[in-house]
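K.L.:
File query_39.cif below, mmCIF, C-alpha atoms:
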```cif
data_entry
loop_
_atom_site.group_PDB
_atom_site.id
_atom_site.type_symbol
_atom_site.label_atom_id
_atom_site.label_comp_id
_atom_site.auth_asym_id
_atom_site.auth_seq_id
_atom_site.Cartn_x
_atom_site.Cartn_y
_atom_site.Cartn_z
ATOM 1 C CA MET A 1 240.968 -49.520 128.949
ATOM 2 C CA THR A 2 242.505 -52.989 128.836
ATOM 3 C CA LEU A 3 241.918 -54.071 125.260
ATOM 4 C CA ILE A 4 242.623 -57.797 125.148
ATOM 5 C CA GLY A 5 242.588 -58.686 128.842
ATOM 6 C CA ILE A 6 242.617 -62.433 129.475
ATOM 7 C CA ASP A 7 242.036 -62.446 133.213
ATOM 8 C CA ASN A 8 238.420 -63.532 132.838
ATOM 9 C CA LEU A 9 238.558 -65.054 129.369
ATOM 10 C CA LYS A 10 235.863 -67.691 129.875
ATOM 11 C CA GLY A 11 233.340 -65.167 131.192
ATOM 12 C CA ASP A 12 234.163 -62.706 128.411
ATOM 13 C CA LEU A 13 233.709 -65.408 125.756
ATOM 14 C CA ILE A 14 230.285 -66.301 127.179
ATOM 15 C CA ARG A 15 229.267 -62.621 127.317
ATOM 16 C CA GLY A 16 230.497 -62.125 123.755
ATOM 17 C CA LEU A 17 228.469 -65.116 122.567
ATOM 18 C CA ALA A 18 225.408 -63.770 124.386
ATOM 19 C CA PHE A 19 225.917 -60.367 122.736
ATOM 20 C CA GLY A 20 226.280 -62.022 119.325
ATOM 21 C CA ILE A 21 223.188 -64.189 119.826
ATOM 22 C CA SER A 22 221.134 -61.141 120.805
ATOM 23 C CA LEU A 23 222.284 -59.463 117.566
ATOM 24 C CA ILE A 24 221.283 -62.598 115.625
ATOM 25 C CA LEU A 25 217.818 -62.458 117.213
ATOM 26 C CA ALA A 26 217.555 -58.801 116.198
ATOM 27 C CA ASN A 27 218.557 -59.801 112.661
ATOM 28 C CA ILE A 28 215.938 -62.571 112.572
ATOM 29 C CA LEU A 29 213.334 -60.033 113.696
ATOM 30 C CA GLY A 30 214.420 -57.884 110.768
ATOM 31 C CA VAL A 31 215.651 -54.862 112.690
ATOM 32 C CA PHE A 32 219.410 -55.288 112.355
ATOM 33 C CA SER A 33 222.072 -56.077 109.776
ATOM 34 C CA LEU A 34 225.688 -55.126 109.152
ATOM 35 C CA ALA A 35 227.485 -54.389 105.892
ATOM 36 C CA LEU A 36 230.181 -57.007 105.428
ATOM 37 C CA PRO A 37 233.491 -57.092 103.553
ATOM 38 C CA PRO A 38 232.908 -58.346 99.983
ATOM 39 C CA VAL A 39 233.754 -62.032 100.279
ATOM 40 C CA ALA A 40 231.352 -63.576 97.762
ATOM 41 C CA SER A 41 233.998 -64.514 95.206
ATOM 42 C CA PHE A 42 236.371 -66.183 97.660
ATOM 43 C CA THR A 43 236.857 -69.739 96.590
ATOM 44 C CA THR A 44 237.536 -71.214 100.017
ATOM 45 C CA ASP A 45 235.547 -71.152 103.229
ATOM 46 C CA ILE A 46 238.781 -70.493 105.094
ATOM 47 C CA GLY A 47 239.168 -67.169 103.279
ATOM 48 C CA ILE A 48 235.639 -66.134 104.203
ATOM 49 C CA LEU A 49 236.069 -67.189 107.821
ATOM 50 C CA LEU A 50 239.417 -65.392 108.071
ATOM 51 C CA VAL A 51 237.906 -62.110 106.934
ATOM 52 C CA VAL A 52 234.555 -62.341 108.664
ATOM 53 C CA ILE A 53 235.522 -63.897 112.001
ATOM 54 C CA PHE A 54 239.103 -62.759 112.457
ATOM 55 C CA LEU A 55 240.183 -59.725 110.428
ATOM 56 C CA ALA A 56 237.150 -57.460 110.396
ATOM 57 C CA PRO A 57 236.080 -57.806 114.062
ATOM 58 C CA ILE A 58 239.585 -57.460 115.508
ATOM 59 C CA ILE A 59 240.764 -54.557 113.352
ATOM 60 C CA GLU A 60 237.454 -52.683 113.526
ATOM 61 C CA GLU A 61 236.971 -53.099 117.282
ATOM 62 C CA VAL A 62 240.559 -52.117 118.095
ATOM 63 C CA THR A 63 240.319 -49.106 115.768
ATOM 64 C CA PHE A 64 236.877 -47.793 116.664
ATOM 65 C CA ARG A 65 236.390 -48.866 120.278
ATOM 66 C CA GLY A 66 240.061 -49.144 121.269
ATOM 67 C CA VAL A 67 241.701 -46.141 119.609
ATOM 68 C CA LEU A 68 238.938 -43.763 118.462
ATOM 69 C CA TYR A 69 236.572 -44.137 121.415
ATOM 70 C CA SER A 70 239.410 -43.946 123.955
ATOM 71 C CA TYR A 71 240.575 -40.733 122.280
ATOM 72 C CA LEU A 72 237.080 -39.213 122.010
ATOM 73 C CA ARG A 73 236.353 -39.940 125.679
ATOM 74 C CA ASN A 74 239.194 -37.594 126.536
ATOM 75 C CA VAL A 75 238.083 -34.980 123.992
ATOM 76 C CA PHE A 76 234.381 -34.840 124.914
ATOM 77 C CA LYS A 77 233.168 -34.420 128.470
ATOM 78 C CA SER A 78 230.071 -36.510 127.785
ATOM 79 C CA LYS A 79 230.528 -40.245 127.248
ATOM 80 C CA THR A 80 227.344 -40.340 125.190
ATOM 81 C CA THR A 81 228.731 -37.774 122.740
ATOM 82 C CA ALA A 82 231.930 -39.800 122.383
ATOM 83 C CA ARG A 83 229.915 -42.993 121.838
ATOM 84 C CA LEU A 84 227.640 -41.407 119.244
ATOM 85 C CA THR A 85 230.572 -39.841 117.392
ATOM 86 C CA GLN A 86 232.564 -43.055 117.118
ATOM 87 C CA ALA A 87 229.393 -44.958 116.210
ATOM 88 C CA GLY A 88 228.737 -42.452 113.413
ATOM 89 C CA VAL A 89 232.268 -42.850 112.080
ATOM 90 C CA PHE A 90 231.865 -46.636 112.353
ATOM 91 C CA GLY A 91 228.633 -46.432 110.314
ATOM 92 C CA ILE A 92 230.228 -44.257 107.636
ATOM 93 C CA PHE A 93 233.233 -46.600 107.482
ATOM 94 C CA HIS A 94 230.957 -49.596 106.865
ATOM 95 C CA LEU A 95 229.202 -47.820 104.041
ATOM 96 C CA VAL A 96 232.349 -46.471 102.405
ATOM 97 C CA ALA A 97 234.551 -49.544 102.812
ATOM 98 C CA TYR A 98 232.072 -52.350 102.201
ATOM 99 C CA SER A 99 228.943 -51.058 100.469
ATOM 100 C CA GLY A 100 230.309 -49.053 97.559
ATOM 101 C CA ILE A 101 228.262 -46.086 98.794
ATOM 102 C CA LEU A 102 230.495 -43.604 96.985
ATOM 103 C CA LEU A 103 229.379 -45.123 93.680
ATOM 104 C CA GLU A 104 225.692 -45.219 94.647
ATOM 105 C CA ALA A 105 225.487 -41.872 96.394
ATOM 106 C CA PHE A 106 223.079 -40.407 93.873
ATOM 107 C CA ASP A 107 220.961 -43.519 93.320
ATOM 108 C CA THR A 108 217.720 -42.677 95.156
ATOM 109 C CA SER A 109 216.389 -46.251 94.993
ATOM 110 C CA SER A 110 219.097 -47.388 97.427
ATOM 111 C CA VAL A 111 218.383 -44.726 100.067
ATOM 112 C CA LEU A 112 216.413 -47.097 102.326
ATOM 113 C CA VAL A 113 218.971 -49.904 102.052
ATOM 114 C CA VAL A 114 221.888 -47.572 102.671
ATOM 115 C CA GLY A 115 220.076 -45.805 105.499
ATOM 116 C CA GLY A 116 219.226 -49.124 107.165
ATOM 117 C CA ALA A 117 222.799 -50.386 106.874
ATOM 118 C CA PHE A 118 224.139 -47.114 108.272
ATOM 119 C CA LEU A 119 221.701 -47.087 111.204
ATOM 120 C CA SER A 120 222.463 -50.734 112.041
ATOM 121 C CA ALA A 121 226.201 -50.028 112.120
ATOM 122 C CA VAL A 122 225.633 -46.928 114.281
ATOM 123 C CA ILE A 123 223.477 -48.897 116.740
ATOM 124 C CA PHE A 124 226.049 -51.705 116.853
ATOM 125 C CA GLY A 125 228.882 -49.209 117.435
ATOM 126 C CA PHE A 126 226.990 -47.465 120.225
ATOM 127 C CA VAL A 127 226.084 -50.701 122.038
ATOM 128 C CA ALA A 128 229.589 -52.141 121.559
ATOM 129 C CA SER A 129 231.136 -49.045 123.156
ATOM 130 C CA ILE A 130 228.808 -49.405 126.169
ATOM 131 C CA ILE A 131 229.779 -53.076 126.503
ATOM 132 C CA ALA A 132 233.497 -52.310 126.101
ATOM 133 C CA ASP A 133 233.176 -49.737 128.886
ATOM 134 C CA ARG A 134 231.130 -52.024 131.113
ATOM 135 C CA TYR A 135 233.603 -54.928 130.985
ATOM 136 C CA ASN A 136 236.716 -52.793 130.389
ATOM 137 C CA ASN A 137 237.676 -55.177 127.604
ATOM 138 C CA LEU A 138 237.322 -55.502 123.833
ATOM 139 C CA ILE A 139 236.982 -59.287 123.807
ATOM 140 C CA VAL A 140 233.218 -59.153 124.381
ATOM 141 C CA PRO A 141 232.458 -56.813 121.412
ATOM 142 C CA ILE A 142 235.002 -58.677 119.220
ATOM 143 C CA ILE A 143 233.261 -62.024 119.877
ATOM 144 C CA GLY A 144 229.816 -60.453 119.365
ATOM 145 C CA HIS A 145 230.989 -58.837 116.115
ATOM 146 C CA ALA A 146 232.435 -62.152 114.895
ATOM 147 C CA VAL A 147 229.231 -64.032 115.772
ATOM 148 C CA ILE A 148 226.902 -61.638 113.923
ATOM 149 C CA ASN A 149 229.276 -61.500 110.918
ATOM 150 C CA PHE A 150 229.395 -65.311 110.829
ATOM 151 C CA TRP A 151 225.617 -65.458 111.039
ATOM 152 C CA LEU A 152 225.164 -62.988 108.207
ATOM 153 C CA VAL A 153 227.560 -64.855 105.904
ATOM 154 C CA LYS A 154 227.182 -68.528 106.784
ATOM 155 C CA GLY A 155 224.515 -69.035 109.409
ATOM 156 C CA LEU A 156 221.590 -68.868 107.036
ATOM 157 C CA LEU A 157 223.311 -71.225 104.603
ATOM 158 C CA VAL A 158 223.899 -73.797 107.353
ATOM 159 C CA ILE A 159 220.248 -73.689 108.380
ATOM 160 C CA VAL A 160 219.025 -73.982 104.781
ATOM 161 C CA ALA A 161 221.391 -76.917 104.120
ATOM 162 C CA MET B 1 252.967 -54.241 133.678
ATOM 163 C CA ALA B 2 249.494 -55.476 132.758
ATOM 164 C CA ILE B 3 249.125 -52.612 130.276
ATOM 165 C CA ASN B 4 252.452 -53.525 128.625
ATOM 166 C CA LYS B 5 251.316 -57.141 128.245
ATOM 167 C CA ASP B 6 247.996 -55.935 126.871
ATOM 168 C CA ARG B 7 249.790 -53.682 124.392
ATOM 169 C CA LYS B 8 251.966 -56.584 123.209
ATOM 170 C CA ARG B 9 248.889 -58.765 122.724
ATOM 171 C CA VAL B 10 247.100 -56.075 120.734
ATOM 172 C CA VAL B 11 250.135 -55.297 118.568
ATOM 173 C CA SER B 12 250.749 -59.011 117.862
ATOM 174 C CA LEU B 13 247.142 -59.580 116.840
ATOM 175 C CA ILE B 14 247.103 -56.459 114.689
ATOM 176 C CA ILE B 15 250.345 -57.377 112.893
ATOM 177 C CA ILE B 16 248.959 -60.843 112.072
ATOM 178 C CA ALA B 17 245.733 -59.230 110.830
ATOM 179 C CA ILE B 18 247.668 -56.748 108.641
ATOM 180 C CA PHE B 19 249.629 -59.558 106.972
ATOM 181 C CA ILE B 20 246.496 -61.601 106.298
ATOM 182 C CA SER B 21 244.678 -58.515 104.946
ATOM 183 C CA PHE B 22 247.512 -57.801 102.532
ATOM 184 C CA PHE B 23 247.699 -61.453 101.495
ATOM 185 C CA LEU B 24 243.974 -61.664 100.818
ATOM 186 C CA SER B 25 243.836 -58.295 99.058
ATOM 187 C CA ILE B 26 246.549 -59.503 96.675
ATOM 188 C CA ASN B 27 244.739 -62.780 95.984
ATOM 189 C CA SER B 28 241.154 -61.529 95.647
ATOM 190 C CA ALA B 29 240.187 -58.748 93.279
ATOM 191 C CA GLU B 30 236.862 -58.261 95.051
ATOM 192 C CA PHE B 31 238.467 -57.902 98.465
ATOM 193 C CA ARG B 32 241.280 -55.646 97.231
ATOM 194 C CA ILE B 33 239.947 -52.271 98.385
ATOM 195 C CA ALA B 34 238.397 -53.535 101.620
ATOM 196 C CA GLY B 35 241.573 -55.519 102.388
ATOM 197 C CA LEU B 36 243.770 -52.488 101.857
ATOM 198 C CA ILE B 37 241.452 -50.367 104.012
ATOM 199 C CA LEU B 38 241.536 -52.961 106.811
ATOM 200 C CA ALA B 39 245.323 -53.232 106.522
ATOM 201 C CA GLY B 40 245.582 -49.436 106.652
ATOM 202 C CA LEU B 41 243.438 -49.316 109.794
ATOM 203 C CA GLY B 42 245.609 -52.059 111.272
ATOM 204 C CA ILE B 43 248.809 -50.122 110.568
ATOM 205 C CA PHE B 44 247.226 -47.036 112.135
ATOM 206 C CA CYS B 45 246.362 -49.029 115.300
ATOM 207 C CA TRP B 46 249.812 -50.591 115.349
ATOM 208 C CA LEU B 47 251.500 -47.173 115.274
ATOM 209 C CA VAL B 48 249.161 -45.768 117.940
ATOM 210 C CA TYR B 49 249.722 -48.645 120.345
ATOM 211 C CA LYS B 50 253.426 -48.795 119.605
ATOM 212 C CA ARG B 51 253.653 -45.165 120.679
ATOM 213 C CA GLY B 52 251.451 -45.879 123.688
ATOM 214 C CA SER B 53 249.601 -42.614 123.171
ATOM 215 C CA VAL B 54 246.109 -43.963 123.882
ATOM 216 C CA ILE B 55 246.452 -46.382 126.810
#
```
Let me see the structure of the file written as structure tokens.

P.N.:
Amino acid sequence: MTLIGIDNLKGDLIRGLAFGISLILANILGVFSLALPPVASFTTDIGILLVVIFLAPIIEEVTFRGVLYSYLRNVFKSKTTARLTQAGVFGIFHLVAYSGILLEAFDTSSVLVVGGAFLSAVIFGFVASIIADRYNNLIVPIIGHAVINFWLVKGLLVIVA
Amino acid sequence: MAINKDRKRVVSLIIIAIFISFFLSINSAEFRIAGLILAGLGIFCWLVYKRGSVI
């Protein structure tokens, strides 16, 4: 897979935006959310934007769709199995890295919240792997990931303001 | 040729992301663990693509 191919950059950007907007619509309908890196105490907007729009989408997409999924496609005969496996790891990563799940593992009141966050990340990972395969490029899922992250952190604030 | 260019692009982006992750993890107590995890993932990707063992 070409990871950051720039042959059709304009088209990929538009597709990425469309993917992100569809995720935003799913979030507005209340069926989708993603656990985010803890950025609440950052004093500058630049810090938040760096993490949410640049760092997290690029590193996560390259790791999970670029490295892990490419590897699992060779290990498993079925693409669906590879997609589900990497999506599961992606979901667990979001919980462990960003949600403090290890500390709340035995708190039964957070089961629904944690389960919802995990399922959302798994669904996102599965769909992103299909899109990465379809366009043979990671730019589309990276842009979509950045758009939904931006929406979850800042989009609501902009609308309220 | 195209794959080599792609690999250089990925490695460049990842290296920049690793540096920013480290910088932010040093400067923000709340982001420390997540920043180190992201930087660790970035270093992992960097090594994988440097070796060329995936693509």

K.L.:
Return as a short mmCIF file (atom, residue, chain, number, x, y, z; two decimals) with C-alpha atoms, in the frame of the given file the residues belonging to chain A that are within 6 Å of chain B, counting all atoms listed in the file.

P.N.:
```cif
data_model
loop_
_atom_site.label_atom_id
_atom_site.label_comp_id
_atom_site.auth_asym_id
_atom_site.auth_seq_id
_atom_site.Cartn_x
_atom_site.Cartn_y
_atom_site.Cartn_z
CA ILE A 4 242.62 -57.80 125.15
CA PRO A 38 232.91 -58.35 99.98
CA LEU A 55 240.18 -59.72 110.43
CA ILE A 59 240.76 -54.56 113.35
CA ALA A 97 234.55 -49.54 102.81
#
```

K.L.:
Using only the atoms of segment 7-10 of chain B listed in the file, plus 5 Å on each side, state the axis-aligned box centre and edge lengths in Å rounded to one decimal, as AutoDock Vina command-line options.

P.N.:
```
--center_x 249.5 --center_y -56.2 --center_z 122.6 --size_x 14.9 --size_y 15.1 --size_z 13.7
```

K.L.:
Quote the spacing between atom CA of Gly30 of chain A and atom CA of Ile148 of chain A in Å to one decimal place.

P.N.:
13.4 Å

K.L.:
Env of Ala82 of chain A: 9 Å cut, atoms = all atoms listed in the file, seq-sep filter 6 positions within chain, self excluded. Answer as a list in words.

P.N.:
Leu68, Tyr69, Ser70, Tyr71, Leu72, Arg73, Asn74, Val75 and Phe76 of chain A

K.L.:
Between atom CA of Phe19 of chain A and atom CA of Phe54 of chain A, what is the spacing in Å?

P.N.:
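These atoms are spaced 16.9 Å apart.
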
K.L.:
So the first atom is atom CA of Leu138 of chain A and the second is atom CA of Gly88 of chain A; what is the distance between them in Å, to one decimal place?

P.N.:
18.8 Å

K.L.:
Counting all atoms listed in the file, figure out which residue out of A:Gly16, A:Val67, A:Leu119, A:Ile6 gets nearest to Ala146 of chain A.

P.N.:
A:Gly16

K.L.:
With all atoms listed in the file as the atoms that count, which of A:Leu25, A:Leu3, A:Ala18, A:Ala121 lies nearest to Ile92 of chain A?

P.N.:
A:Ala121

K.L.:
Considering all atoms listed in the file, return as a list in words whatever protein or nucleic-acid residues lie within 10 Å of Val89 of chain A, sequence-local ones (same chain, fewer than 6 positions apart) excluded.

P.N.:
Phe64, Leu68, Leu95, Phe118, Ala121, Val122 and Gly125 of chain A
